[in-house]
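Visitor: Input: one structure, supplied below.
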Amino acid sequence: MKNSGGGAAHGDGGDIYNVRAAEILANEALLLPINEAAPIYENLLATFPTAAKYWKQYVEAYMATNNDEAAKQIFSRCLLNCLHISLWRCYINFIRRINDKRGSEGLDETKKAFDFMLNYVGNDAASGPVWMEYINFLKSMPVVTPHEESHRMTTVRKVYQKAILVPTNHVEQLWKDYENFENSVSRTLAKGLLSEYQPKFNSAKAVYRERKKYIDDIDWNVLATPPTGSYKEEQQCMAWKRLLVFEKGNPQRIDATTANRRITFTYEQCLMYLYHHPDIWYDYAMWHVKNGSMDSASKIFQRALKAIHDSEVLKYAFAEMEESRGAIQTAKTVYESLLGENASETSLANIQFIRFLRRTEGTEAARKYFLDARKSPSCTYHLYVAYATMAFCVDKDAKVAQSVFEAGLKRFMHEPGYILEYTDFLCRLNDDRNVRALFERALSLLPPEESTEVWRRFAQFEQNYGDLSSMLKVEQRRKEALSRTSEDALSASENTLHDIVSRYSYMDLWPCSSKELDYLARQEWLAKNIVKKVEKPAMLNSGSMLDKGAAGFSASARLLPQSAKVVRPETSQMVIYDPRQMKEWEITVDSWAGPEFAATSSGYTKEVEATLKVLSPSMVSFIKNLPAIEGPSPDIDVVLSVLLQSTLPVAQSAGKAGGVSELSGVGKTGLNQNGSVHRPPRERRKDVERQGAQEEEDASAVQSRAAVPRDIFRLRQIQRSRGLGVGGAAVSQSGSSAFSFSGGGSAFSGDHSASTD
């Protein structure tokens with residue numbers, strides 16, 4: 001059984017952080033003797049070292065067999081890293097049990113254990129029962145002399161006064177007990193003490209109510225796993241960060257020492273669940289730095305790198321902090337660990353180490369390391385660029401920098417990025433002659449598909465350093481060179497107005513308006529695609545052909561370039577659709593809308609109902625048949641502009657009726673020799689009757705289409721002013737309304753639907 005459980009520890013596909021497999025193993029271990037369950041627990045806790053429930057289950061298994069030494073060892077391994085109240089209560093129960101029969105010595109050990117426990121978890125919102133248990137323990141301690149009695153009362157009073165300052169779930173009960181305690185000792189003394197601590201208790205009670213709101217959002221049963229980006233994980237992360245912000249604000253206005261201890265406790269609890277999140281570790285360390293505790297911050301970074309040993313960014317942060325406080329050797333050790341792990345993968349560690357050596361040991365140390373690092377087979381051009389830039393900007397030595405660039409040119413002439421960095425350096429030196437020579441040399445070696453950016457920078461260089469003749473020559477050469485990679489070499493080599501815009505713009509200044517720029521971009525796109533043949537739709541027979549207007553509309557829709565105004569969704573940030581979230585969304589929308597926009601019995605808001613009454617019947621029919629939008633919505637202005645500027649297809653009555661009947665009847669009636677559909681006489685008579693009815697419908701449809709543009713503009717104006725969605729359209733989260741023009745059969749496109757971005 002243990003073998004099968006051990007196999008499940010890694011989960012499906014070898015995932016050691018498989019939570020479901022871990023739960024199965026933990027449940028199996030409960031049924032096994034401790035000598036067989038121990039390896040399973042060790043395996044689980046190696047993967048989830050902050051899982052308090054597994055530690056508690058593990059230690060309770062040893063306690064059940066009265067193996068006190070093994071239980072002590074487990075407590076020593078887990079207590080300081082798992083500030084969970086249930087685990088610590090298990091610990092105090094264990095201490096009380098083993099010291100129960102040891103007399104006064106055992107009582108002293110138990111008292112020390114209580115103090116130790118409350119020092120770590122006494123700020124927990126659920127620590128109220130622990131405070132009450134400790135007070136009852138103190139009251140039960142035997143005393144002989146009046147001096148011992150007085151000492152016990154003083155100790156109990158101090159514990160009460162500490163307990164009522166902590167915003168816990170039992171703070172009100174603790175206050176009542178404290179009142180009774182003081183009144184039982186001395187009513188005269190009680191009056192002064194209670195009046196002193198009453199405001200402090202009221203503050204703790206109020207803070208607990210606020211604190212509870214943040215704590216209730218936290219799931220205390222999740223296991224610490226590396227970030228996956230899931231919705232639940234992000235919600236937990238944000239819940240912890242909100243609690244940390246709340247504690248850092250010191251809402252109770254307590255002294256700085258007590259407040260810092262409470263914040264430390266919250267961070268430690270947070271790391272039990274966000275153990276693999278580098279941003280939490282970094283925030284924790286930087287909070288210590290802000291408070292002047294650099295040693296504590298260093299320890300936090302060391303723990304962080306033990307938890308996330310492959311985090312480069314944490315190592316850079318650690319090295320930076322150590323260097324900032326003068327611990328150069330410690331910082332160097334961190335950099336060396338980075339070099340040992342990533343030397344074969346990237347030049348970044350080498351570059352940062354060279355900069356570190358230049359800052360801490362001088363130019364010569366950095367130069368020696370560069371000469372060694374460049375011999376590595378994995379060295380990239382970035383190392384040469386970084387060292388040359390450092391020599392030029394920091395050491396003010398242009399000669400050394402140019403020598404480094406020239407040495408790298410022999411190795412990285414095929415890298416466009418290196419060529420551009422070298423030309424930038426030469427431009428800083430105002431060496432336009434060598435810049436042109438470098439461009440010419442590089443462009444003669446680079447293939448056309450890799451030289452696009454180099455040509456662009458060459459043309460830009462001539463705009464700044466050359467005359468009109470040289471600028472036009474380079475531009476023409478660029479077009480000729482890049483046209484070899486284009487399908488339409490002729491159009492790619494022609495001059496366009498867009499080239500003038502490119503040459504005569506400067507930084508964020510343009511020689512035309514944004515509308516004109518968008519127009520030119522569209523025209524350039526259309527010019528590149530104008531020679532492409534538009535595939536004709538497959539036709540079943542000659543009677544189902546579209547008229548020229550419909551064909552032109554569909555062709556232009558396919559050639560229509562993507563508008564720069566259309567905001568496209570970031571697909572990498574999309575979450576899996578969950579229908580259960582729709583109820584929450586509907587509630588949120590209702591709360592935003594208010595009573596003024598309450599839904600009517602038909603499902604629409606009152607404003608939409610009023611709008612529908614003033615529209616034409618065809619428009620109302622179209623809107624009511626719109627499907628609901630639950631995802632990204634199109635730009636309504638773009639959609640409406642395309643519809644209004646397009647020729648709407650008006651099919652002939654006979655052709656339309658015939659086309660529909662032919663499509664529906666081909667399978668059972670057959671075809672004549674000339675390709676027409678053969679139907680019995682009875683069906684022909686029915687077609688004639690349908691044709692007459694269809695002509696009447698088409699006449700009314702044409703009249704209704706004439707009112708469509710006016711209806712659209714009226715509807716758009718209402719939407720812009722109200723921010724409402726109509727029909728089945730849902731209000732998007734950005735507050736803009738959206739239409740969905742998909743689906744067959746509408747007042748706009750007849751039987752032929754067209755989509756647009």
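Chain labels follow the order of the structure tokens: the first chain is A, the next B, and so on; residue numbering restarts at 1 in every chain, and ligands are counted from 1 in their shown order.
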Listing only residues of segment 260-287 of chain A within 8 Å of segment 66-88 of chain A, what is the closest atom pair and its distance in Å (to one decimal) for each, using only C-alpha atoms, sorted by chain and residue number ascending, as a tab-separated table?

Guide:
residue	atom	partner	partner_atom	distance
A:Phe265	CA	A:Leu83	CA	7.9
A:Glu268	CA	A:Leu83	CA	7.1
A:Gln269	CA	A:Leu83	CA	5.9
A:Met272	CA	A:Cys82	CA	6.4

Visitor: Produce a file of the selected residues containing C-alpha atoms, as a short mmCIF file (atom, residue, chain, number, x, y, z; two decimals), in the first residue's frame.

Guide:
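For reference, part_20.cif as written:
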data_model
loop_
_atom_site.label_atom_id
_atom_site.label_comp_id
_atom_site.auth_asym_id
_atom_site.auth_seq_id
_atom_site.Cartn_x
_atom_site.Cartn_y
_atom_site.Cartn_z
CA PHE A 265 3.29 37.47 12.30
CA GLU A 268 4.87 34.57 8.38
CA GLN A 269 1.33 33.29 8.17
CA MET A 272 2.64 29.38 4.86
#

Visitor: So which residues touch Asp217 of chain A within 10 Å, counting only C-alpha atoms, skipping near sequence neighbours fewer than 6 positions away, as a tab-separated table (two decimals) with N, CA, C and O atoms, in the first residue's frame?

Guide:
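This went into result.tsv:
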chain	number	residue	atom	x	y	z
A	235	GLN	N	-7.07	35.25	-6.18
A	235	GLN	CA	-7.94	35.80	-5.15
A	235	GLN	C	-7.33	35.65	-3.76
A	235	GLN	O	-7.40	36.56	-2.93
A	236	GLN	N	-6.70	34.50	-3.50
A	236	GLN	CA	-6.04	34.29	-2.21
A	236	GLN	C	-4.86	35.24	-2.04
A	236	GLN	O	-4.64	35.80	-0.96
A	238	MET	N	-4.46	38.19	-3.40
A	238	MET	CA	-4.95	39.54	-3.15
A	238	MET	C	-5.54	39.67	-1.75
A	238	MET	O	-5.42	40.72	-1.11
A	239	ALA	N	-6.17	38.60	-1.24
A	239	ALA	CA	-6.73	38.64	0.11
A	239	ALA	C	-5.62	38.82	1.14
A	239	ALA	O	-5.76	39.60	2.10
A	240	TRP	N	-4.51	38.10	0.96
A	240	TRP	CA	-3.39	38.25	1.89
A	240	TRP	C	-2.77	39.64	1.80
A	240	TRP	O	-2.41	40.23	2.82
A	242	ARG	N	-4.25	42.39	0.95
A	242	ARG	CA	-5.14	43.36	1.60
A	242	ARG	C	-4.99	43.30	3.11
A	242	ARG	O	-5.01	44.33	3.79
A	243	LEU	N	-4.85	42.09	3.67
A	243	LEU	CA	-4.66	41.96	5.11
A	243	LEU	C	-3.34	42.59	5.54
A	243	LEU	O	-3.26	43.26	6.60

Visitor: Between A:Val156, A:Val400, A:Ile34, A:Leu426, single out the one closest to Met63 of chain A, counting only C-alpha atoms.

Guide: A:Ile34

Visitor: Pick out the residues sitting within 10 Å of segment 244-255 of chain A, and hand them over as a ChimeraX atom specification; count only C-alpha atoms, and ignore anything fewer than 3 positions along from it in its own chain.

Guide: /A:165-167,200,202-208,210-211,214,238-241,258-260,262-264,266-267,270,287

Visitor: Could you work out how far atom CA of Glu364 of chain A lies from atom CA of Leu409 of chain A, giving the answer in Å with one decimal?

Guide: 23.2 Å

Visitor: When distances are computed from only C-alpha atoms, which of A:Tyr316, A:Tyr465, A:Tyr17, A:Tyr62 shows the smallest separation from Val222 of chain A?

Guide: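 Ranked by minimum distance to Val222 of chain A, first place goes to A:Tyr17.
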
Visitor: Residues of segment 237-379 of chain A in alpha helix (DSSP H) according to DSSP, as an MDAnalysis selection string?

Guide: chainID A and resid 237:248 256:273 278:290 294:307 312:324 328:342 348:360 363:373

Visitor: Hey, can you check how far atom CA of Lys111 of chain A sits from atom CA of Glu196 of chain A?

Guide: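 Between these atoms lies a distance of 27.5 Å.
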
Visitor: So, with only C-alpha atoms as the atoms that count, which of A:Ile308, A:Met321, A:Ala22, A:Leu643 lies closest to Lys290 of chain A?

Guide: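 Among the listed residues, the smallest separation from Lys290 of chain A belongs to A:Met321.
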
Visitor: Using only C-alpha atoms, pick whichever of A:Lys53, A:Lys368, A:His382, A:Lys332 has the shortest atom-to-atom distance to Glu421 of chain A.

Guide: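 Comparing A:Lys53, A:Lys368, A:His382, A:Lys332 against Glu421 of chain A, the winner is A:His382.
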
Visitor: Looking at only C-alpha atoms, which of A:Asp467, A:Glu475, A:Glu172, A:Glu415 is the one that sits closest to Asp499 of chain A?

Guide: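 Between A:Asp467, A:Glu475, A:Glu172, A:Glu415, the residue approaching Asp499 of chain A most closely is A:Glu475.
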
Visitor: Find the residues near Ala401 of chain A: any atom within 10 Å, counting only C-alpha atoms, skip ones fewer than 5 places away on the same chain, and give them as a list in words.

Guide: Tyr384, Val385, Ala386, Tyr387, Ala388, Thr389, Met390, Ala391, Phe392, Cys393, Asp395, Lys396, Glu406, Ala407, Tyr422 and Phe425 of chain A

Visitor: Write the residues you've just listed into a file as a short mmCIF file (atom, residue, chain, number, x, y, z; two decimals), in the first residue's frame, and include C-alpha atoms for each of them.

Guide:
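File written: selection_1.cif
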data_model
loop_
_atom_site.label_atom_id
_atom_site.label_comp_id
_atom_site.auth_asym_id
_atom_site.auth_seq_id
_atom_site.Cartn_x
_atom_site.Cartn_y
_atom_site.Cartn_z
CA TYR A 384 30.49 42.71 -25.90
CA VAL A 385 27.90 45.48 -26.09
CA ALA A 386 27.61 45.70 -22.29
CA TYR A 387 31.35 45.86 -21.69
CA ALA A 388 31.93 48.37 -24.50
CA THR A 389 29.11 50.57 -23.21
CA MET A 390 30.52 50.41 -19.69
CA ALA A 391 33.98 51.38 -20.94
CA PHE A 392 32.55 54.31 -22.88
CA CYS A 393 29.99 55.62 -20.35
CA ASP A 395 35.36 54.77 -17.81
CA LYS A 396 35.04 57.50 -20.49
CA GLU A 406 35.48 45.77 -33.54
CA ALA A 407 36.50 42.52 -31.84
CA TYR A 422 27.61 49.46 -32.91
CA PHE A 425 27.94 53.97 -30.58
#
